[in-house]
file data.cif (mmCIF, C-alpha atoms)
data_final
#
loop_
_atom_site.label_atom_id
_atom_site.label_comp_id
_atom_site.auth_asym_id
_atom_site.auth_seq_id
_atom_site.Cartn_x
_atom_site.Cartn_y
_atom_site.Cartn_z
CA MET C 959 63.25 -155.23 153.77
CA LYS C 960 60.86 -157.18 151.52
CA LYS C 961 61.31 -156.90 147.78
CA PRO C 962 58.28 -155.15 146.19
CA LEU C 963 55.93 -157.58 144.48
CA ILE C 964 56.20 -155.70 141.17
CA SER C 965 59.93 -156.42 141.05
CA VAL C 966 59.36 -160.12 141.69
CA LEU C 967 56.68 -160.40 139.01
CA LEU C 968 58.55 -158.42 136.40
CA SER C 969 61.74 -160.35 137.12
CA GLY C 970 59.89 -163.62 136.61
CA ALA C 971 58.26 -162.35 133.43
CA ILE C 972 61.60 -161.24 132.02
CA LEU C 973 63.12 -164.65 132.75
CA LEU C 974 60.22 -166.48 131.11
CA THR C 975 60.28 -164.20 128.09
CA ALA C 976 64.04 -164.59 127.75
CA GLY C 977 63.64 -168.34 127.91
CA ALA C 978 61.08 -168.23 125.10
CA ALA C 979 63.23 -166.13 122.76
CA ARG C 980 66.11 -167.42 120.63
CA GLY C 981 69.67 -166.21 121.12
CA TRP C 982 71.07 -163.36 119.08
CA ALA C 983 73.29 -165.64 117.01
CA ASP C 984 73.48 -169.22 115.81
CA THR C 985 76.39 -171.27 114.51
CA ILE C 986 75.60 -173.13 111.30
CA THR C 987 78.06 -175.92 110.51
CA PHE C 988 78.68 -177.33 107.04
CA ASN C 989 80.50 -180.58 107.69
CA ASN C 990 82.41 -183.21 105.79
CA SER C 991 82.90 -186.45 107.66
CA SER C 992 86.37 -187.97 107.99
CA THR C 993 85.39 -190.72 105.53
CA HIS C 994 84.91 -188.21 102.69
CA PRO C 995 88.19 -186.26 102.41
CA ASP C 996 87.78 -185.33 98.76
CA GLY C 997 88.44 -182.17 96.79
CA THR C 998 91.31 -180.85 94.69
CA VAL C 999 93.56 -178.05 95.94
CA THR C 1000 95.75 -176.22 93.44
CA VAL C 1001 98.46 -173.91 94.77
CA GLY C 1002 100.13 -171.19 92.70
CA ASN C 1003 99.62 -167.43 92.41
CA THR C 1004 96.19 -168.22 93.92
CA ILE C 1005 94.85 -171.17 95.93
CA THR C 1006 91.78 -172.95 94.62
CA LEU C 1007 89.62 -175.70 96.08
CA SER C 1008 87.42 -177.60 93.63
CA ASN C 1009 84.67 -179.96 94.75
CA GLY C 1010 85.46 -180.14 98.44
CA ILE C 1011 83.01 -182.55 100.03
CA ILE C 1012 80.19 -181.29 102.27
CA ASP C 1013 77.75 -183.99 103.39
CA SER C 1014 75.67 -182.35 106.13
CA VAL C 1015 74.56 -179.03 107.55
CA ALA C 1016 73.29 -178.33 111.05
CA ARG C 1017 72.42 -175.59 113.49
CA VAL C 1018 74.41 -176.28 116.64
CA LEU C 1019 71.93 -175.29 119.38
CA PRO C 1020 69.19 -176.35 119.40
CA LEU C 1021 70.34 -179.21 117.22
CA ALA C 1022 68.76 -179.43 113.77
CA GLY C 1023 70.41 -180.86 110.67
CA PHE C 1024 70.06 -182.12 107.11
CA THR C 1025 71.92 -184.44 104.80
CA ILE C 1026 73.45 -182.83 101.71
CA THR C 1027 73.81 -184.71 98.43
CA GLY C 1028 75.01 -183.46 95.06
CA ASN C 1029 77.50 -184.08 92.29
CA CYS C 1030 80.81 -184.25 94.18
CA THR C 1031 82.03 -187.84 94.25
CA ALA C 1032 84.02 -188.79 97.34
CA GLN C 1033 87.01 -191.14 97.21
CA GLY C 1034 85.01 -193.60 99.28
CA GLY C 1035 82.05 -193.48 96.88
CA GLY C 1036 78.78 -191.58 97.07
CA SER C 1037 77.64 -188.17 95.98
CA PHE C 1038 77.64 -185.10 98.23
CA GLY C 1039 77.56 -181.32 98.18
CA CYS C 1040 80.46 -179.26 96.86
CA LEU C 1041 82.52 -176.52 98.50
CA ASN C 1042 84.54 -174.35 96.12
CA PHE C 1043 86.70 -171.29 96.59
CA THR C 1044 89.57 -169.35 95.10
CA SER C 1045 91.86 -167.18 97.19
CA GLY C 1046 93.13 -163.75 96.24
CA THR C 1047 96.60 -163.36 94.77
CA PHE C 1048 99.88 -164.26 96.43
CA VAL C 1049 101.26 -161.62 98.82
CA GLY C 1050 104.47 -163.16 100.12
CA PRO C 1051 105.93 -165.21 102.97
CA ASP C 1052 104.26 -164.73 106.34
CA THR C 1053 107.06 -163.04 108.27
CA SER C 1054 105.10 -163.00 111.53
CA THR C 1055 106.04 -166.64 112.17
CA THR C 1056 109.11 -168.84 111.75
CA ALA C 1057 107.03 -171.58 110.12
CA ASN C 1058 106.79 -172.35 106.41
CA ASP C 1059 103.84 -169.97 105.88
CA TYR C 1060 102.63 -167.87 102.96
CA THR C 1061 99.98 -165.17 102.71
CA TYR C 1062 97.34 -164.60 100.04
CA ASN C 1063 94.74 -161.86 99.70
CA GLY C 1064 91.23 -162.56 100.96
CA GLY C 1065 87.96 -161.22 99.59
CA THR C 1066 87.07 -163.89 97.04
CA ALA C 1067 83.90 -165.96 96.85
CA ILE C 1068 83.21 -169.25 98.63
CA THR C 1069 80.21 -171.34 97.55
CA ILE C 1070 78.52 -174.50 98.79
CA THR C 1071 76.14 -176.26 96.41
CA GLY C 1072 74.16 -179.45 96.74
CA ALA C 1073 70.74 -181.00 97.22
CA ILE C 1074 68.65 -181.38 100.40
CA ALA C 1075 65.81 -183.76 99.60
CA ALA C 1076 64.02 -183.10 102.89
CA LEU C 1077 63.61 -179.43 101.89
CA GLY C 1078 62.80 -180.05 98.23
CA LEU C 1079 66.13 -178.58 97.08
CA GLY C 1080 67.50 -180.26 93.97
CA PRO C 1081 71.09 -180.83 92.78
CA ASN C 1082 73.42 -177.84 92.35
CA THR C 1083 71.29 -175.59 94.56
CA VAL C 1084 73.38 -172.84 96.13
CA LEU C 1085 73.15 -173.53 99.88
CA TRP C 1086 75.54 -170.82 101.04
CA THR C 1087 77.68 -168.20 99.40
CA GLY C 1088 80.12 -165.87 101.11
CA THR C 1089 83.62 -164.44 100.94
CA PHE C 1090 86.89 -164.45 102.74
CA ASP C 1091 87.26 -161.19 104.65
CA PRO C 1092 89.00 -158.78 102.24
CA ALA C 1093 90.69 -157.07 105.19
CA ALA C 1094 92.35 -160.31 106.38
CA ASN C 1095 94.97 -162.42 104.64
CA ILE C 1096 94.52 -166.10 103.90
CA ILE C 1097 97.38 -168.12 105.38
CA LEU C 1098 98.87 -171.15 103.62
CA GLN C 1099 100.86 -173.19 106.12
CA PHE C 1100 102.92 -176.34 105.57
CA ASP C 1101 103.68 -178.73 108.42
CA ASN C 1102 106.79 -180.00 106.65
CA VAL C 1103 108.73 -179.40 103.44
CA CYS C 1104 108.33 -181.10 100.09
CA GLN C 1105 110.40 -180.13 97.07
CA THR C 1106 109.77 -182.59 94.25
CA LEU C 1107 107.14 -185.11 93.19
CA PRO C 1108 106.08 -187.53 94.53
CA THR C 1109 107.20 -186.34 97.96
CA GLN C 1110 104.22 -185.64 100.20
CA CYS C 1111 103.80 -182.88 102.74
CA THR C 1112 100.77 -181.76 104.71
CA GLY C 1113 99.37 -178.35 105.46
CA SER C 1114 96.35 -176.10 105.84
CA VAL C 1115 94.72 -172.99 104.44
CA THR C 1116 93.20 -170.68 107.05
CA GLY C 1117 90.98 -167.70 106.32
CA THR C 1118 88.56 -165.42 108.14
CA LEU C 1119 85.06 -165.32 106.70
CA GLY C 1120 83.27 -162.19 105.55
CA PRO C 1121 79.46 -161.83 105.31
CA GLY C 1122 77.46 -164.39 103.36
CA THR C 1123 73.96 -165.59 102.49
CA LEU C 1124 72.19 -168.84 103.35
CA ASN C 1125 69.66 -170.41 101.03
CA THR C 1126 66.21 -169.11 102.03
CA ALA C 1127 64.59 -172.55 102.40
CA LEU C 1128 67.54 -173.81 104.45
CA ALA C 1129 67.55 -170.74 106.69
CA THR C 1130 63.81 -171.12 107.28
CA ALA C 1131 64.18 -174.81 108.17
CA LEU C 1132 66.98 -173.99 110.63
CA ASN C 1133 65.02 -170.99 111.97
CA VAL C 1134 67.85 -168.53 111.36
CA SER C 1135 68.44 -165.43 109.27
CA THR C 1136 69.63 -165.80 105.68
CA ALA C 1137 72.38 -163.24 106.42
CA THR C 1138 75.60 -164.61 107.93
CA ALA C 1139 78.06 -162.42 109.76
CA GLY C 1140 81.39 -164.18 109.14
CA GLY C 1141 84.37 -163.35 111.29
CA ASN C 1142 85.47 -166.83 112.37
CA ASP C 1143 88.62 -168.57 111.12
CA GLN C 1144 88.17 -171.57 108.85
CA SER C 1145 90.78 -174.16 107.91
CA LEU C 1146 91.17 -176.55 104.98
CA PHE C 1147 93.58 -179.44 105.61
CA PHE C 1148 95.36 -181.21 102.77
CA GLY C 1149 98.10 -183.60 101.69
CA PHE C 1150 100.28 -181.79 99.16
CA SER C 1151 102.56 -182.82 96.28
CA GLY C 1152 104.79 -180.12 94.86
CA ILE C 1153 107.25 -177.44 95.90
CA SER C 1154 106.31 -176.05 99.30
CA LEU C 1155 109.52 -174.09 99.83
CA PRO C 1156 110.28 -172.27 96.58
CA VAL C 1157 113.55 -170.40 96.02
CA SER C 1158 111.45 -167.36 95.19
CA GLY C 1159 107.77 -166.59 94.68
CA PHE C 1160 104.86 -168.78 95.64
CA PRO C 1161 104.61 -172.54 96.35
CA THR C 1162 103.28 -174.72 93.52
CA GLY C 1163 101.55 -178.08 93.46
CA THR C 1164 98.31 -179.93 93.96
CA ALA C 1165 96.64 -181.73 96.83
CA PHE C 1166 93.69 -183.75 98.00
CA GLY C 1167 91.78 -181.51 100.38
CA ASN C 1168 89.81 -182.34 103.51
CA THR C 1169 87.42 -179.44 104.10
CA ASN C 1170 86.66 -180.63 107.65
CA GLN C 1171 84.10 -178.01 108.76
CA LEU C 1172 83.00 -174.59 107.68
CA GLN C 1173 81.07 -172.70 110.36
CA VAL C 1174 79.08 -169.56 109.70
CA VAL C 1175 77.42 -167.36 112.32
CA THR C 1176 73.97 -165.98 111.61
CA PRO C 1177 71.54 -163.92 113.72
CA GLY C 1178 68.77 -166.03 115.24
CA VAL C 1179 65.14 -165.39 114.39
CA ALA C 1180 63.52 -163.86 117.48
CA ALA C 1181 60.65 -165.98 118.79
CA VAL C 1182 57.32 -164.51 119.85
CA PRO C 1183 57.08 -164.45 123.68
CA GLU C 1184 54.87 -167.16 125.15
CA SER C 1185 51.33 -166.08 126.06
CA GLY C 1186 51.99 -167.01 129.67
CA SER C 1187 54.91 -164.62 129.75
CA LEU C 1188 52.77 -161.79 128.36
CA ILE C 1189 50.06 -162.47 130.94
CA LEU C 1190 52.63 -162.36 133.72
CA VAL C 1191 54.01 -159.06 132.44
CA GLY C 1192 50.49 -157.60 132.38
CA LEU C 1193 49.79 -158.87 135.88
CA GLY C 1194 53.02 -157.34 137.10
CA LEU C 1195 52.07 -153.95 135.67
CA VAL C 1196 48.59 -154.05 137.23
CA VAL C 1197 49.87 -155.06 140.65
CA GLY C 1198 52.67 -152.55 140.35
CA ALA C 1199 50.23 -149.72 139.64
CA LYS C 1200 48.18 -150.64 142.70
CA TYR C 1201 51.34 -150.83 144.80
CA LEU C 1202 52.48 -147.39 143.72
CA ARG C 1203 49.00 -145.87 144.28
CA ARG C 1204 48.82 -147.36 147.80
CA ALA C 1205 52.30 -146.07 148.61
CA LYS C 1206 51.30 -142.59 147.40
CA LEU C 1207 48.11 -142.56 149.53
CA THR C 1208 50.06 -143.73 152.58
CA LYS C 1209 52.55 -140.94 152.10
CA LEU C 1210 49.78 -138.29 151.83
CA ALA C 1211 48.09 -139.59 154.97
#
call {"tool": "encode", "arguments": {"input": "data.cif", "output": "structure tokens"}}
result
Amino acid sequence: MKKPLISVLLSGAILLTAGAARGWADTITFNNSSTHPDGTVTVGNTITLSNGIIDSVARVLPLAGFTITGNCTAQGGGSFGCLNFTSGTFVGPDTSTTANDYTYNGGTAITITGAIAALGLGPNTVLWTGTFDPAANIILQFDNVCQTLPTQCTGSVTGTLGPGTLNTALATALNVSTATAGGNDQSLFFGFSGISLPVSGFPTGTAFGNTNQLQVVTPGVAAVPESGSLILVGLGLVVGAKYLRRAKLTKLA
């Protein structure tokens, strides 16, 4: 049995229209390259990151990106954007694992500031602000144990993002919404000096942090369907109407 022409036309129109529109969500990546592992992490009753390096931002697909500069000076020289955050207060050891893990409350602010010359954004412009999800704990994990200075140990801080807001000019340039949804885990890696396995209470010490990447998910801006797609939809409706009328007349005869 042949497929009615209206189905073929409408199917083609839907495919073309879908191809013209953007996806429902985009991943925006704030990145620090491996050559810029700067930032100061302080661990205590809270965890803070000061001046973590961010040197670029990009929308993953389709690819579009910008260089970020600012007032954070990397160990290797240069000036880049800054990522800063403070965790909530210490909760206790993470008893769900056998590793050397500790939990902190989420819900506190995360900010990225910097300059993007290509968009006319000057130094210390807020490029993104968001929070850690207040319903999810931040996990501090050590890969090994250090007890006294200058012993070094390594670790990470992992947290789930809550909603946030992209700078309007940046969101427009990337063709995404200013509103970000959060929900994905983010990790900060560091080399730590201090007491990572306290007798009681929370770990204490400082570290150089490597922010690696922070990825935020934002709804895409829906594109207007191509004119060719609209014409094809209209043609499908016209032909479909004629098809249905002919079928009705044939049935009455």
call {"tool": "closest_residue", "arguments": {"input": "data.cif", "among": "C:Ala983, C:Val999, C:Val1049, C:Ala1075", "to": "Leu1146 of chain C", "atoms": "only C-alpha atoms"}}
result
C:Val999
call {"tool": "resolve_selection", "arguments": {"input": "data.cif", "expression": "the PyMOL selection byres ((chain C and resi 1128) around 12)", "output": "ChimeraX atom specification"}}
result
/C:986,988,1014-1017,1022-1026,1072-1079,1083-1086,1123-1127,1129-1137
call {"tool": "resolve_selection", "arguments": {"input": "data.cif", "expression": "the PyMOL selection byres ((chain C and resi 1147) around 10)", "output": "list in words"}}
result
Pro995, Val999, Gln1099, Phe1100, Thr1112, Gly1113, Ser1114, Val1115, Thr1116, Ser1145, Leu1146, Phe1148, Gly1149, Phe1150, Ala1165, Phe1166, Gly1167, Asn1168, Thr1169 and Asn1170 of chain C
call {"tool": "residues_near_point", "arguments": {"input": "data.cif", "point": "(82.9, -171.6, 118.0)", "cutoff": "8 Å", "atoms": "all atoms listed in the file", "output": "PDB file with C-alpha atoms, in the frame of the given file"}}
result
ATOM      1  CA  THR C 985      76.390-171.270 114.510  1.00  0.00           C
ATOM      2  CA  ASN C1142      85.470-166.830 112.370  1.00  0.00           C
ATOM      3  CA  GLN C1173      81.070-172.700 110.360  1.00  0.00           C
TER       4      GLN C1173
END
call {"tool": "resolve_selection", "arguments": {"input": "data.cif", "expression": "the PyMOL selection byres ((chain C and resi 1174) around 9)", "output": "ChimeraX atom specification"}}
result
/C:984-988,1119,1121-1122,1138-1142,1172-1173,1175-1176
call {"tool": "closest_residue", "arguments": {"input": "data.cif", "among": "C:Ile1005, C:Cys1040, C:Gly1159, C:Leu1021", "to": "Tyr1062 of chain C", "atoms": "all atoms listed in the file"}}
result
C:Ile1005
call {"tool": "closest_residue", "arguments": {"input": "data.cif", "among": "C:Cys1030, C:Ser1045, C:Gly1002, C:Leu1019", "to": "Asn990 of chain C", "atoms": "only C-alpha atoms"}}
result
C:Cys1030
call {"tool": "build_atoms", "arguments": {"input": "data.cif", "residues": "segment 991-1018 of chain C", "atoms": "N, CA and C atoms", "output": "PDB file, in the frame of the given file"}}
result
ATOM      1  N   SER C 991      82.456-185.421 106.727  1.00  0.00           N
ATOM      2  CA  SER C 991      82.900-186.450 107.660  1.00  0.00           C
ATOM      3  C   SER C 991      84.293-186.923 107.263  1.00  0.00           C
ATOM      4  N   SER C 992      84.981-187.536 108.202  1.00  0.00           N
ATOM      5  CA  SER C 992      86.370-187.970 107.990  1.00  0.00           C
ATOM      6  C   SER C 992      86.482-189.034 106.905  1.00  0.00           C
ATOM      7  N   THR C 993      85.362-189.671 106.559  1.00  0.00           N
ATOM      8  CA  THR C 993      85.390-190.720 105.530  1.00  0.00           C
ATOM      9  C   THR C 993      85.261-190.149 104.118  1.00  0.00           C
ATOM     10  N   HIS C 994      85.086-188.825 104.010  1.00  0.00           N
ATOM     11  CA  HIS C 994      84.910-188.210 102.690  1.00  0.00           C
ATOM     12  C   HIS C 994      85.907-187.064 102.487  1.00  0.00           C
ATOM     13  N   PRO C 995      87.206-187.346 102.500  1.00  0.00           N
ATOM     14  CA  PRO C 995      88.190-186.260 102.410  1.00  0.00           C
ATOM     15  C   PRO C 995      88.540-185.888 100.977  1.00  0.00           C
ATOM     16  N   ASP C 996      87.526-185.571 100.169  1.00  0.00           N
ATOM     17  CA  ASP C 996      87.780-185.330  98.760  1.00  0.00           C
ATOM     18  C   ASP C 996      87.815-183.835  98.443  1.00  0.00           C
ATOM     19  N   GLY C 997      88.285-183.534  97.255  1.00  0.00           N
ATOM     20  CA  GLY C 997      88.440-182.170  96.790  1.00  0.00           C
ATOM     21  C   GLY C 997      89.841-181.972  96.267  1.00  0.00           C
ATOM     22  N   THR C 998      90.000-181.096  95.291  1.00  0.00           N
ATOM     23  CA  THR C 998      91.310-180.850  94.690  1.00  0.00           C
ATOM     24  C   THR C 998      91.777-179.439  95.019  1.00  0.00           C
ATOM     25  N   VAL C 999      92.954-179.329  95.623  1.00  0.00           N
ATOM     26  CA  VAL C 999      93.560-178.050  95.940  1.00  0.00           C
ATOM     27  C   VAL C 999      94.688-177.794  94.956  1.00  0.00           C
ATOM     28  N   THR C1000      94.672-176.612  94.344  1.00  0.00           N
ATOM     29  CA  THR C1000      95.750-176.220  93.440  1.00  0.00           C
ATOM     30  C   THR C1000      96.402-174.954  93.997  1.00  0.00           C
ATOM     31  N   VAL C1001      97.719-175.021  94.184  1.00  0.00           N
ATOM     32  CA  VAL C1001      98.460-173.910  94.770  1.00  0.00           C
ATOM     33  C   VAL C1001      99.350-173.271  93.709  1.00  0.00           C
ATOM     34  N   GLY C1002      99.299-171.958  93.632  1.00  0.00           N
ATOM     35  CA  GLY C1002     100.130-171.190  92.700  1.00  0.00           C
ATOM     36  C   GLY C1002     100.044-169.730  93.091  1.00  0.00           C
ATOM     37  N   ASN C1003      99.811-168.853  92.110  1.00  0.00           N
ATOM     38  CA  ASN C1003      99.620-167.430  92.410  1.00  0.00           C
ATOM     39  C   ASN C1003      98.322-167.199  93.174  1.00  0.00           C
ATOM     40  N   THR C1004      97.397-168.173  93.083  1.00  0.00           N
ATOM     41  CA  THR C1004      96.190-168.220  93.920  1.00  0.00           C
ATOM     42  C   THR C1004      96.074-169.639  94.475  1.00  0.00           C
ATOM     43  N   ILE C1005      95.164-169.836  95.408  1.00  0.00           N
ATOM     44  CA  ILE C1005      94.850-171.170  95.930  1.00  0.00           C
ATOM     45  C   ILE C1005      93.402-171.460  95.571  1.00  0.00           C
ATOM     46  N   THR C1006      93.152-172.587  94.947  1.00  0.00           N
ATOM     47  CA  THR C1006      91.780-172.950  94.620  1.00  0.00           C
ATOM     48  C   THR C1006      91.422-174.300  95.252  1.00  0.00           C
ATOM     49  N   LEU C1007      90.182-174.426  95.649  1.00  0.00           N
ATOM     50  CA  LEU C1007      89.620-175.700  96.080  1.00  0.00           C
ATOM     51  C   LEU C1007      88.454-176.010  95.155  1.00  0.00           C
ATOM     52  N   SER C1008      88.509-177.160  94.495  1.00  0.00           N
ATOM     53  CA  SER C1008      87.420-177.600  93.630  1.00  0.00           C
ATOM     54  C   SER C1008      86.772-178.840  94.218  1.00  0.00           C
ATOM     55  N   ASN C1009      85.451-178.786  94.342  1.00  0.00           N
ATOM     56  CA  ASN C1009      84.670-179.960  94.750  1.00  0.00           C
ATOM     57  C   ASN C1009      85.074-180.535  96.097  1.00  0.00           C
ATOM     58  N   GLY C1010      85.287-179.668  97.073  1.00  0.00           N
ATOM     59  CA  GLY C1010      85.460-180.140  98.440  1.00  0.00           C
ATOM     60  C   GLY C1010      84.153-180.716  98.947  1.00  0.00           C
ATOM     61  N   ILE C1011      84.221-181.836  99.634  1.00  0.00           N
ATOM     62  CA  ILE C1011      83.010-182.550 100.030  1.00  0.00           C
ATOM     63  C   ILE C1011      82.342-181.916 101.246  1.00  0.00           C
ATOM     64  N   ILE C1012      81.038-181.688 101.138  1.00  0.00           N
ATOM     65  CA  ILE C1012      80.190-181.290 102.270  1.00  0.00           C
ATOM     66  C   ILE C1012      79.012-182.252 102.296  1.00  0.00           C
ATOM     67  N   ASP C1013      78.821-182.981 103.386  1.00  0.00           N
ATOM     68  CA  ASP C1013      77.750-183.990 103.390  1.00  0.00           C
ATOM     69  C   ASP C1013      76.635-183.716 104.394  1.00  0.00           C
ATOM     70  N   SER C1014      76.757-182.659 105.201  1.00  0.00           N
ATOM     71  CA  SER C1014      75.670-182.350 106.130  1.00  0.00           C
ATOM     72  C   SER C1014      75.741-180.890 106.539  1.00  0.00           C
ATOM     73  N   VAL C1015      74.623-180.384 107.019  1.00  0.00           N
ATOM     74  CA  VAL C1015      74.560-179.030 107.550  1.00  0.00           C
ATOM     75  C   VAL C1015      73.681-179.069 108.793  1.00  0.00           C
ATOM     76  N   ALA C1016      74.048-178.294 109.812  1.00  0.00           N
ATOM     77  CA  ALA C1016      73.290-178.330 111.050  1.00  0.00           C
ATOM     78  C   ALA C1016      73.402-177.014 111.796  1.00  0.00           C
ATOM     79  N   ARG C1017      72.353-176.667 112.499  1.00  0.00           N
ATOM     80  CA  ARG C1017      72.420-175.590 113.490  1.00  0.00           C
ATOM     81  C   ARG C1017      72.855-176.245 114.785  1.00  0.00           C
ATOM     82  N   VAL C1018      73.800-175.639 115.476  1.00  0.00           N
ATOM     83  CA  VAL C1018      74.410-176.280 116.640  1.00  0.00           C
ATOM     84  C   VAL C1018      73.431-176.387 117.801  1.00  0.00           C
TER      85      VAL C1018
END
